Structures are given as C-alpha cells and as structure tokens.
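Here's the structure we're looking at; comments come further down.
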Amino acid sequence: MDCQFRANIPAQIQKVIKRILEFGGQAYIVGGAVRSALLNLDVMDWDIATSLLPDEVERLFADARTIPTGKKFGTVTVILDGMPVEITTYRGEGPYSDSRHPDEVFFVSDIGYDLSRRDFTINAMAYNPFLSPSLIDPFGGVRDLKEGLIRTVGKAADRFTEDPLRMMRAARFAAQLNFALEGSTQKAMAELAHLIRLTANERIRDEINKILLSPHPARGLSLLEETGILKWVLPVIHRSFQSPVGNSVESLSIGEHSLQVIENCRSDLILRLAALFHDTGKLGNHSALTSGEIAEASLTDLKYDKKSTHRVVRLIGKGDLKLEGEREQLAYQLRKLLGSLGHEDTFRLLELLKADIQSSGSLCREERGKRVEEAFHIVRDIIERKEPLCISDLAINGWDLLEIGIGKKNKQDIGKALNEALEWVLHNPEENKKEHLLSKLKTLFG
C-alpha cells in the first residue's frame, strides 16, 4: 500500500495552520483525518492540534467567531468562512479513575507527547503540509496501515484499562477498514473483556451502531465474540453463537447465520439491528420469548430510543411473512403490510427477508428469492399507482356514513363499516369510489 497524503486540505484548515505558524506556534492535522487521507478515503472531520494555549488561540482568531467547546480540556472551535475547525492544545493526561476521563489534563508543547496519549497507532499521526518532514509518525501508524493492523499506542493493557471502550473501538476500526487486530492487542482485549462493564451503555450502543453501519460488520462483531466482549455487551447475541440454526451439530450457529444476514443487508441501522436479533427466539431458553421481545429488552438496556426500538421489533415481528398465493392475494397482503408499516419499513422487511434467504441453505432458496423479488415489484407498483392502504385513504369518512344512517344508533358501527370498506379496497383498489362504497355499506348495515 502506498500511503501518501492525497486529500485536498480545505482552505480554512490551511489558513488556520499558516496563521498559527506565523504566530510562532506549532500546528498539525491529527487523528482520523490523517488516517483517512493516507488510506485515500474521504476525510469527514478535520482536527488540528497546536502548541498554543486555548487563550492564545482565541486571541489569534479574534477576527473570527470562537466557541470554547471544551476549553478546560484545551479545545476551542473556530468558525472560519463558515467552517467549524476544532483546535486543541497539545496535552498530557493523568490516570483514568472512572475508566473514561483522565483525572487531570495538562498542556504540553511537544506533539510527540500529545500523540503518545492516543489509542491506536493509526490514530497517532500528525501532518503539516508546510513543514518537512510533513508527517509525524512516532508509533508506526503508516506501517500498520500498510499491514492492515489495529495496534495500540504503547502497552495494550494500559490503553484498555484507561478506557475500556477502546476495546470496542478496536473492533469498530477493524470493521470499518477491514483490518485485523495485532496479536498483543487482541490478547489484551480477551484478558480485559470484563472491564467493558465499567462503560456507560450509551457509549457501548454508539460503538455497536458504528460497527453495524460499517462496510464489514461481521468482522467487528466476530472480533467482539472472539475476545469475549460480546458476552458482556450483548449476552443474547453471544449465546446465539453457541446455538446451531438447525438440528445438525455441523450447521452454522444462529449467530454466524445472523452475521451473514447482516452482511447481505445494506448499511441501514434499523435493518441491520433487525437482522442481528431476527433469530434470537430460536435460542431455546426457558422464557419462550419471541425474537422481537428479546430485541426489545436488549435495545432498551442499551438505551436505544423508543422509536428505533419499536421499528426494529415491528420488523422482526413481521419476519415470518409467507408471501403466498396468486398475484392478487399477494398484492392484498402487501397492501395491508404497507398500511401497517409504511413505505420505508415495508421495503426494509422485504430486504430482511431477501437477506435471510440469501444466507440460508434451504433447497427452495431460489424459489423463495423469486417470490420476494416479485413482492418488491408489486410494492413499487402499489406505491406508484397510489392505491389506498389505510382508512384515511378511503373515498368515504365517518360523516358520509352518518348521512346514510350508519352509526346513528351505535357509533361503533362507523368503525366497523370503515374497516369493512378498507378490506374491500385492499382486495380491489378500484372499489374505492364514494357512491359504490356507500351503497354496499348501506346494504350490509341495513
């Protein structure tokens, strides 16, 4: 791999660096921006480390808007030509008593010391396009990029004890970059996996999300399982790796099958969460919980928001959709589904079914796959034709029913009549005509 810094550095970043240099300070692009640029990937965030103190940064950029984002930790955000730029003073750190934050932060003047406190070698590089050498790489980050390795800066046990979430970050970077864990790094993760219990569930959730949305989610989740971390953060998924899909001992485990399903899903959080939990109800535990109930309990523990949890559970609950019958019957089934789930989640459900079929060894996999593809086409046609899917789409409403006498004696008849009308139009959308529906309902309800 030819690791060259190829990214186009934004004019605002260059301006910040030049001004600090002209003032007599040091300034480098650091962190993920350097890593991504060396891998020829898009740079999403540009962070700058400097020898200047926060007060000096504010004075130097007095002509721009500055925000003391985390000033006591050395970070000032400068808004330059509409672009926010985080500028952080070189710093050292004391012990991590809470396994998350250093007990103290002190400012230093050496970029090497600043880089030494970072988590992984591939994140501990600094770049300044106006200096020679332009790249500072004291811990072999370029070497590890070329070899595709995730390695800690310094002793792995020290880095993970300081902040156990770094173990999940290691798996996440492996999933994002398709890298492997360096031997001593993986060994330390396995030995210290239990420390992840000290980490807030919200932080664990965020790393799980990043792994699931990565290009190689199965790699990240497999590493969490291999190192024993999954047992602490997602115990039910850990158990799924000990349970075969079928009766044969030689078959894939439920966990391995779920990883295949996730890999066959597009990078969508709701969809991949549903794929992760969709077969957990087959674990055979004594509580007899469904996959949806297991997913709801797990996601609630990890502090997922209620809306996302509900959508995941609802998708899993519809996962046994059979897609049977002739085209007319299938279209009726899909109209009901669209009315219940909405357009977005209906497509997610079909994608989940497709991914599950692709990941199965079923003899009728090809036939089931064709059925799902047919369902995709029918759903697109239904949406394009704007066919009625729910009561609000009907050509009639409760007032229309009252005018012909339905509901005057018993208000509940209005709901019954509207539901009856909806069933008619779900079977045959052409029946959604006001006079036609009212005539049929008047006959039915007398």
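Letters A, B, ... go to the chains of the structure tokens in the order shown; residues in each chain start at 1; ligands are counted from 1 in the same order.
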
| query | Excluding same-chain residues fewer than 2 positions from A:Arg311, what lies within 10 Å of it counting only C-alpha atoms, as a ChimeraX atom specification? | reply | /A:270-271,273-274,296,306-309,313-317,341,345

For those residues, write N, CA and C atoms to a file as a PDB file, in the first residue's frame.
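Heads up, here's the output in selection_21.pdb:
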```pdb
ATOM      1  N   ILE A 270     -31.623   0.383  11.322  1.00  0.00           N
ATOM      2  CA  ILE A 270     -32.836  -0.352  11.707  1.00  0.00           C
ATOM      3  C   ILE A 270     -32.828  -1.738  11.084  1.00  0.00           C
ATOM      4  N   LEU A 271     -32.474  -1.803   9.811  1.00  0.00           N
ATOM      5  CA  LEU A 271     -32.464  -3.073   9.088  1.00  0.00           C
ATOM      6  C   LEU A 271     -31.425  -4.034   9.670  1.00  0.00           C
ATOM      7  N   LEU A 273     -30.032  -3.949  12.692  1.00  0.00           N
ATOM      8  CA  LEU A 273     -30.405  -4.358  14.049  1.00  0.00           C
ATOM      9  C   LEU A 273     -31.442  -5.475  13.999  1.00  0.00           C
ATOM     10  N   ALA A 274     -32.405  -5.350  13.093  1.00  0.00           N
ATOM     11  CA  ALA A 274     -33.413  -6.401  12.940  1.00  0.00           C
ATOM     12  C   ALA A 274     -32.757  -7.707  12.510  1.00  0.00           C
ATOM     13  N   GLU A 296     -36.342  -6.179  21.979  1.00  0.00           N
ATOM     14  CA  GLU A 296     -36.834  -5.019  22.730  1.00  0.00           C
ATOM     15  C   GLU A 296     -36.118  -4.893  24.076  1.00  0.00           C
ATOM     16  N   LYS A 306     -36.965   4.919  21.840  1.00  0.00           N
ATOM     17  CA  LYS A 306     -38.176   4.095  21.735  1.00  0.00           C
ATOM     18  C   LYS A 306     -38.645   3.921  20.301  1.00  0.00           C
ATOM     19  N   LYS A 307     -38.503   4.957  19.494  1.00  0.00           N
ATOM     20  CA  LYS A 307     -38.970   4.870  18.109  1.00  0.00           C
ATOM     21  C   LYS A 307     -38.165   3.836  17.326  1.00  0.00           C
ATOM     22  N   SER A 308     -36.844   3.875  17.455  1.00  0.00           N
ATOM     23  CA  SER A 308     -35.998   2.913  16.746  1.00  0.00           C
ATOM     24  C   SER A 308     -36.262   1.499  17.241  1.00  0.00           C
ATOM     25  N   THR A 309     -36.377   1.348  18.560  1.00  0.00           N
ATOM     26  CA  THR A 309     -36.651   0.035  19.132  1.00  0.00           C
ATOM     27  C   THR A 309     -37.965  -0.522  18.603  1.00  0.00           C
ATOM     28  N   VAL A 313     -38.422  -3.992  16.431  1.00  0.00           N
ATOM     29  CA  VAL A 313     -39.290  -5.045  16.950  1.00  0.00           C
ATOM     30  C   VAL A 313     -40.412  -5.352  15.966  1.00  0.00           C
ATOM     31  N   ARG A 314     -40.965  -4.306  15.368  1.00  0.00           N
ATOM     32  CA  ARG A 314     -42.055  -4.497  14.408  1.00  0.00           C
ATOM     33  C   ARG A 314     -41.573  -5.246  13.162  1.00  0.00           C
ATOM     34  N   LEU A 315     -40.386  -4.941  12.691  1.00  0.00           N
ATOM     35  CA  LEU A 315     -39.827  -5.653  11.534  1.00  0.00           C
ATOM     36  C   LEU A 315     -39.628  -7.122  11.856  1.00  0.00           C
ATOM     37  N   ILE A 316     -39.045  -7.381  13.022  1.00  0.00           N
ATOM     38  CA  ILE A 316     -38.809  -8.774  13.415  1.00  0.00           C
ATOM     39  C   ILE A 316     -40.133  -9.523  13.537  1.00  0.00           C
ATOM     40  N   GLY A 317     -41.149  -8.848  14.073  1.00  0.00           N
ATOM     41  CA  GLY A 317     -42.457  -9.464  14.242  1.00  0.00           C
ATOM     42  C   GLY A 317     -43.119  -9.855  12.934  1.00  0.00           C
ATOM     43  N   LEU A 341     -46.919  -0.863   8.083  1.00  0.00           N
ATOM     44  CA  LEU A 341     -45.524  -0.483   8.288  1.00  0.00           C
ATOM     45  C   LEU A 341     -45.134   0.836   7.644  1.00  0.00           C
ATOM     46  N   ASP A 345     -40.457   1.023   5.919  1.00  0.00           N
ATOM     47  CA  ASP A 345     -40.244  -0.220   6.660  1.00  0.00           C
ATOM     48  C   ASP A 345     -40.735  -1.446   5.905  1.00  0.00           C
TER      49      ASP A 345
END
```

| request: Identify which of the residues A:Ile122, A:Met168, A:Leu337, A:Leu299 lies closest to A:Glu147, counting only C-alpha atoms when measuring atom-to-atom distances. | output: A:Ile122

| task | Run DSSP on the backbone and give me the residues of stretch 43-177 of chain A it puts in strand (DSSP E or B), as a PyMOL selection string. | result | chain A and resi 47-50+65-70+75-80+83-89+91-93+105-107+120+126-127+135-136+149-150+152

| message | Going by DSSP on the backbone, which residues of stretch 119-320 of chain A come out as helix (DSSP H, G or I)? List them as JSON, numbers by chain. | response | {"A": [121, 122, 123, 141, 142, 143, 144, 145, 146, 147, 156, 157, 158, 159, 160, 161, 162, 165, 166, 167, 168, 169, 170, 171, 172, 173, 174, 175, 176, 177, 183, 184, 185, 186, 187, 188, 189, 190, 191, 192, 193, 194, 195, 196, 197, 198, 201, 202, 203, 204, 205, 206, 207, 208, 209, 210, 211, 212, 217, 218, 219, 220, 221, 222, 223, 224, 225, 226, 230, 231, 232, 233, 235, 236, 237, 238, 239, 240, 254, 255, 256, 257, 258, 259, 260, 261, 262, 263, 269, 270, 271, 272, 273, 274, 275, 276, 277, 280, 281, 282, 283, 291, 292, 293, 294, 295, 296, 297, 298, 299, 300, 301, 306, 307, 308, 309, 310, 311, 312, 313, 314, 315, 316, 317]}

Residues of the last selection are to be written out with C-alpha atoms, as a compact mmCIF listing (two decimals), in the first residue's frame.
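That gives us again_18.txt:
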```
# COMPACT_ATOMS: atom_id res chain seq x y z
CA THR A 121 -1.06 3.82 16.12
CA ILE A 122 -3.17 4.58 13.05
CA ASN A 123 -4.75 7.46 15.00
CA GLY A 141 0.97 4.15 12.12
CA VAL A 142 1.94 4.06 8.43
CA ARG A 143 3.41 0.58 8.90
CA ASP A 144 0.17 -0.65 10.46
CA LEU A 145 -1.92 0.95 7.74
CA LYS A 146 0.14 -0.93 5.15
CA GLU A 147 -0.16 -4.20 7.08
CA ALA A 156 -2.43 -2.55 25.18
CA ALA A 157 -3.42 -3.34 28.77
CA ASP A 158 -2.66 0.25 29.79
CA ARG A 159 -4.71 1.76 26.98
CA PHE A 160 -7.71 -0.52 27.62
CA THR A 161 -7.60 -0.09 31.38
CA GLU A 162 -7.63 3.70 30.95
CA LEU A 165 -14.42 1.38 25.37
CA ARG A 166 -11.20 1.42 23.34
CA MET A 167 -11.62 -2.36 23.03
CA MET A 168 -14.87 -1.84 21.15
CA ARG A 169 -13.26 0.95 19.14
CA ALA A 170 -10.59 -1.54 18.07
CA ALA A 171 -13.27 -3.90 16.74
CA ARG A 172 -15.04 -0.96 15.12
CA PHE A 173 -11.92 0.22 13.25
CA ALA A 174 -11.35 -3.36 12.11
CA ALA A 175 -14.90 -3.42 10.73
CA GLN A 176 -14.63 -0.02 9.08
CA LEU A 177 -11.21 -0.62 7.50
CA GLY A 183 -1.74 -10.15 18.35
CA SER A 184 -0.94 -8.50 21.69
CA THR A 185 -3.81 -6.06 21.20
CA GLN A 186 -6.32 -8.89 20.71
CA LYS A 187 -4.83 -10.86 23.61
CA ALA A 188 -5.24 -7.89 25.95
CA MET A 189 -8.85 -7.44 24.82
CA ALA A 190 -9.61 -11.06 25.68
CA GLU A 191 -7.97 -10.74 29.09
CA LEU A 192 -9.68 -7.44 29.95
CA ALA A 193 -13.07 -8.00 28.28
CA HIS A 194 -14.88 -7.86 31.64
CA LEU A 195 -13.83 -4.23 32.09
CA ILE A 196 -16.33 -3.18 29.44
CA ARG A 197 -18.93 -3.39 32.24
CA LEU A 198 -17.49 -0.11 33.55
CA ASN A 201 -24.49 1.68 27.94
CA GLU A 202 -24.94 4.74 25.74
CA ARG A 203 -21.27 4.66 24.71
CA ILE A 204 -21.46 0.91 24.04
CA ARG A 205 -24.58 1.46 21.94
CA ASP A 206 -22.84 4.08 19.82
CA GLU A 207 -19.95 1.73 19.04
CA ILE A 208 -22.35 -1.11 18.18
CA ASN A 209 -24.09 1.24 15.77
CA LYS A 210 -20.81 2.18 14.10
CA ILE A 211 -19.88 -1.49 13.73
CA LEU A 212 -23.27 -2.34 12.26
CA PRO A 217 -19.95 -5.52 10.30
CA ALA A 218 -19.43 -9.28 10.58
CA ARG A 219 -15.70 -8.74 11.15
CA GLY A 220 -16.34 -6.32 14.02
CA LEU A 221 -18.98 -8.47 15.70
CA SER A 222 -16.90 -11.63 15.26
CA LEU A 223 -13.96 -9.93 16.99
CA LEU A 224 -16.22 -8.94 19.89
CA GLU A 225 -17.31 -12.58 20.17
CA GLU A 226 -13.77 -13.99 19.86
CA LEU A 230 -19.89 -9.68 23.25
CA LYS A 231 -20.80 -11.74 26.33
CA TRP A 232 -20.87 -8.51 28.34
CA VAL A 233 -22.43 -6.06 25.86
CA PRO A 235 -25.24 -11.54 26.04
CA VAL A 236 -28.14 -12.90 23.99
CA ILE A 237 -26.15 -12.49 20.76
CA HIS A 238 -23.18 -14.18 22.46
CA ARG A 239 -25.44 -17.16 23.28
CA SER A 240 -26.58 -17.30 19.66
CA ILE A 254 -27.60 -18.80 14.88
CA GLY A 255 -25.02 -16.07 15.48
CA GLU A 256 -22.99 -16.99 12.38
CA HIS A 257 -26.16 -17.08 10.29
CA SER A 258 -27.19 -13.66 11.62
CA LEU A 259 -23.81 -12.21 10.64
CA GLN A 260 -24.35 -13.45 7.10
CA VAL A 261 -27.79 -11.85 7.03
CA ILE A 262 -26.34 -8.54 8.26
CA GLU A 263 -23.65 -8.63 5.55
CA LEU A 269 -29.20 0.76 11.22
CA ILE A 270 -32.84 -0.35 11.71
CA LEU A 271 -32.46 -3.07 9.09
CA ARG A 272 -29.17 -4.42 10.44
CA LEU A 273 -30.41 -4.36 14.05
CA ALA A 274 -33.41 -6.40 12.94
CA ALA A 275 -31.06 -8.81 11.17
CA LEU A 276 -28.93 -9.12 14.32
CA PHE A 277 -31.87 -10.17 16.50
CA THR A 280 -32.81 -14.98 18.74
CA GLY A 281 -36.18 -16.51 19.58
CA LYS A 282 -34.75 -19.86 18.41
CA LEU A 283 -32.24 -19.99 21.26
CA SER A 291 -37.17 -12.65 18.81
CA GLY A 292 -38.99 -9.31 18.97
CA GLU A 293 -39.32 -9.45 22.76
CA ILE A 294 -35.64 -10.33 23.12
CA ALA A 295 -34.67 -7.47 20.80
CA GLU A 296 -36.83 -5.02 22.73
CA ALA A 297 -35.27 -5.97 26.07
CA SER A 298 -31.72 -5.80 24.70
CA LEU A 299 -32.18 -2.50 22.88
CA THR A 300 -33.87 -0.95 25.91
CA ASP A 301 -30.93 -1.99 28.10
CA LYS A 306 -38.18 4.09 21.74
CA LYS A 307 -38.97 4.87 18.11
CA SER A 308 -36.00 2.91 16.75
CA THR A 309 -36.65 0.04 19.13
CA HIS A 310 -40.30 -0.11 18.07
CA ARG A 311 -39.36 -0.19 14.38
CA VAL A 312 -36.84 -2.99 14.90
CA VAL A 313 -39.29 -5.05 16.95
CA ARG A 314 -42.06 -4.50 14.41
CA LEU A 315 -39.83 -5.65 11.53
CA ILE A 316 -38.81 -8.77 13.42
CA GLY A 317 -42.46 -9.46 14.24
```

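Comparing A:Val34, A:Ile79, A:Lys408, A:Gln14 by their smallest distance to A:Asp63, the closest is A:Ile79 (using only C-alpha atoms).
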
| field | Shell around A:Leu353 at 9 Å using only C-alpha atoms, local window under 6 positions removed, as number ranges by chain | value | A: 319-321, 369, 372

Can you spit out the residues from that selection as a PDB file, in the first residue's frame, using N, CA, C and O atoms?
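Contents of the output file out-v2.pdb:
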```
ATOM      1  N   GLY A 319     -41.350 -10.860  10.383  1.00  0.00           N
ATOM      2  CA  GLY A 319     -40.339 -11.635   9.669  1.00  0.00           C
ATOM      3  C   GLY A 319     -40.803 -12.995   9.189  1.00  0.00           C
ATOM      4  O   GLY A 319     -40.140 -13.621   8.359  1.00  0.00           O
ATOM      5  N   ASP A 320     -41.952 -13.480   9.703  1.00  0.00           N
ATOM      6  CA  ASP A 320     -42.459 -14.779   9.254  1.00  0.00           C
ATOM      7  C   ASP A 320     -43.442 -14.634   8.090  1.00  0.00           C
ATOM      8  O   ASP A 320     -44.188 -15.558   7.773  1.00  0.00           O
ATOM      9  N   LEU A 321     -43.435 -13.473   7.437  1.00  0.00           N
ATOM     10  CA  LEU A 321     -44.307 -13.221   6.291  1.00  0.00           C
ATOM     11  C   LEU A 321     -44.090 -14.300   5.231  1.00  0.00           C
ATOM     12  O   LEU A 321     -42.962 -14.534   4.799  1.00  0.00           O
ATOM     13  N   GLY A 369     -36.572 -16.714  -3.195  1.00  0.00           N
ATOM     14  CA  GLY A 369     -35.953 -15.464  -3.630  1.00  0.00           C
ATOM     15  C   GLY A 369     -36.737 -14.804  -4.739  1.00  0.00           C
ATOM     16  O   GLY A 369     -36.923 -13.578  -4.741  1.00  0.00           O
ATOM     17  N   VAL A 372     -39.800 -13.083  -3.311  1.00  0.00           N
ATOM     18  CA  VAL A 372     -39.503 -11.790  -2.690  1.00  0.00           C
ATOM     19  C   VAL A 372     -39.301 -10.717  -3.763  1.00  0.00           C
ATOM     20  O   VAL A 372     -39.769  -9.581  -3.619  1.00  0.00           O
TER      21      VAL A 372
END
```

| task | Write out as a ChimeraX atom specification the residues lying within 7 Å of stretch 431-438 of chain A, counting only C-alpha atoms and excluding same-chain residues fewer than 5 positions away. | result | /A:394-396,421,424-425

| task | Go through A:Ser134, A:Thr89, A:Ser36, A:Gln358 one by one, measure the shortest atom-to-atom distance of each to A:Ile20 using only C-alpha atoms, and give the residue with the smallest value. | result |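 Ranked by minimum distance to A:Ile20, first place goes to A:Thr89.
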
| message | Give me, as JSON, numbers by chain, all polymer residues having an atom no more than 12 Å from A:Thr69, counting only C-alpha atoms and skipping those fewer than 4 positions away in the same chain. | response | {"A": [54, 58, 73, 74, 75, 76, 77, 78, 79, 84, 85, 86, 87, 88]}

| Counting only C-alpha atoms, what is within 12 Å of A:Gly405, bar same-chain residues fewer than 4 positions away, as an MDAnalysis selection string? | chainID A and resid 398:401 409:411 413:414 417 438:439 441:443 445:446

| said: I want to know what sits within 10 Å of A:Leu252, based on only C-alpha atoms, with residues of the same chain fewer than 4 positions away left out; could you give that as number ranges by chain? | reply: A: 241-246, 248, 256-258, 360-361

Selection from above, N, CA and C atoms, as a PDB file, in the first residue's frame, can you write it?
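Heads up, here's the output in selection.pdb:
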```pdb
ATOM      1  N   PHE A 241     -24.170 -17.644  19.298  1.00  0.00           N
ATOM      2  CA  PHE A 241     -23.021 -18.281  18.648  1.00  0.00           C
ATOM      3  C   PHE A 241     -22.795 -19.693  19.175  1.00  0.00           C
ATOM      4  N   GLN A 242     -23.473 -20.055  20.266  1.00  0.00           N
ATOM      5  CA  GLN A 242     -23.364 -21.408  20.805  1.00  0.00           C
ATOM      6  C   GLN A 242     -24.552 -22.284  20.396  1.00  0.00           C
ATOM      7  N   SER A 243     -25.479 -21.731  19.592  1.00  0.00           N
ATOM      8  CA  SER A 243     -26.700 -22.463  19.242  1.00  0.00           C
ATOM      9  C   SER A 243     -26.772 -22.683  17.740  1.00  0.00           C
ATOM     10  N   PRO A 244     -26.811 -23.950  17.273  1.00  0.00           N
ATOM     11  CA  PRO A 244     -26.917 -24.207  15.836  1.00  0.00           C
ATOM     12  C   PRO A 244     -28.265 -23.788  15.285  1.00  0.00           C
ATOM     13  N   VAL A 245     -28.289 -23.409  14.008  1.00  0.00           N
ATOM     14  CA  VAL A 245     -29.547 -22.998  13.364  1.00  0.00           C
ATOM     15  C   VAL A 245     -30.505 -24.168  13.297  1.00  0.00           C
ATOM     16  N   GLY A 246     -29.996 -25.314  12.841  1.00  0.00           N
ATOM     17  CA  GLY A 246     -30.844 -26.494  12.706  1.00  0.00           C
ATOM     18  C   GLY A 246     -30.518 -27.535  13.739  1.00  0.00           C
ATOM     19  N   SER A 248     -28.699 -30.181  13.131  1.00  0.00           N
ATOM     20  CA  SER A 248     -27.364 -30.727  12.893  1.00  0.00           C
ATOM     21  C   SER A 248     -26.308 -29.943  13.657  1.00  0.00           C
ATOM     22  N   GLU A 256     -23.685 -17.025  13.671  1.00  0.00           N
ATOM     23  CA  GLU A 256     -22.986 -16.993  12.380  1.00  0.00           C
ATOM     24  C   GLU A 256     -23.955 -16.722  11.242  1.00  0.00           C
ATOM     25  N   HIS A 257     -25.137 -17.349  11.311  1.00  0.00           N
ATOM     26  CA  HIS A 257     -26.165 -17.079  10.293  1.00  0.00           C
ATOM     27  C   HIS A 257     -26.584 -15.616  10.316  1.00  0.00           C
ATOM     28  N   SER A 258     -26.772 -15.060  11.509  1.00  0.00           N
ATOM     29  CA  SER A 258     -27.191 -13.657  11.618  1.00  0.00           C
ATOM     30  C   SER A 258     -26.141 -12.717  11.039  1.00  0.00           C
ATOM     31  N   SER A 360     -29.366 -18.564   3.740  1.00  0.00           N
ATOM     32  CA  SER A 360     -29.845 -19.878   4.159  1.00  0.00           C
ATOM     33  C   SER A 360     -29.370 -20.949   3.183  1.00  0.00           C
ATOM     34  N   GLY A 361     -29.378 -22.191   3.653  1.00  0.00           N
ATOM     35  CA  GLY A 361     -29.021 -23.311   2.789  1.00  0.00           C
ATOM     36  C   GLY A 361     -30.245 -24.059   2.316  1.00  0.00           C
TER      37      GLY A 361
END
```
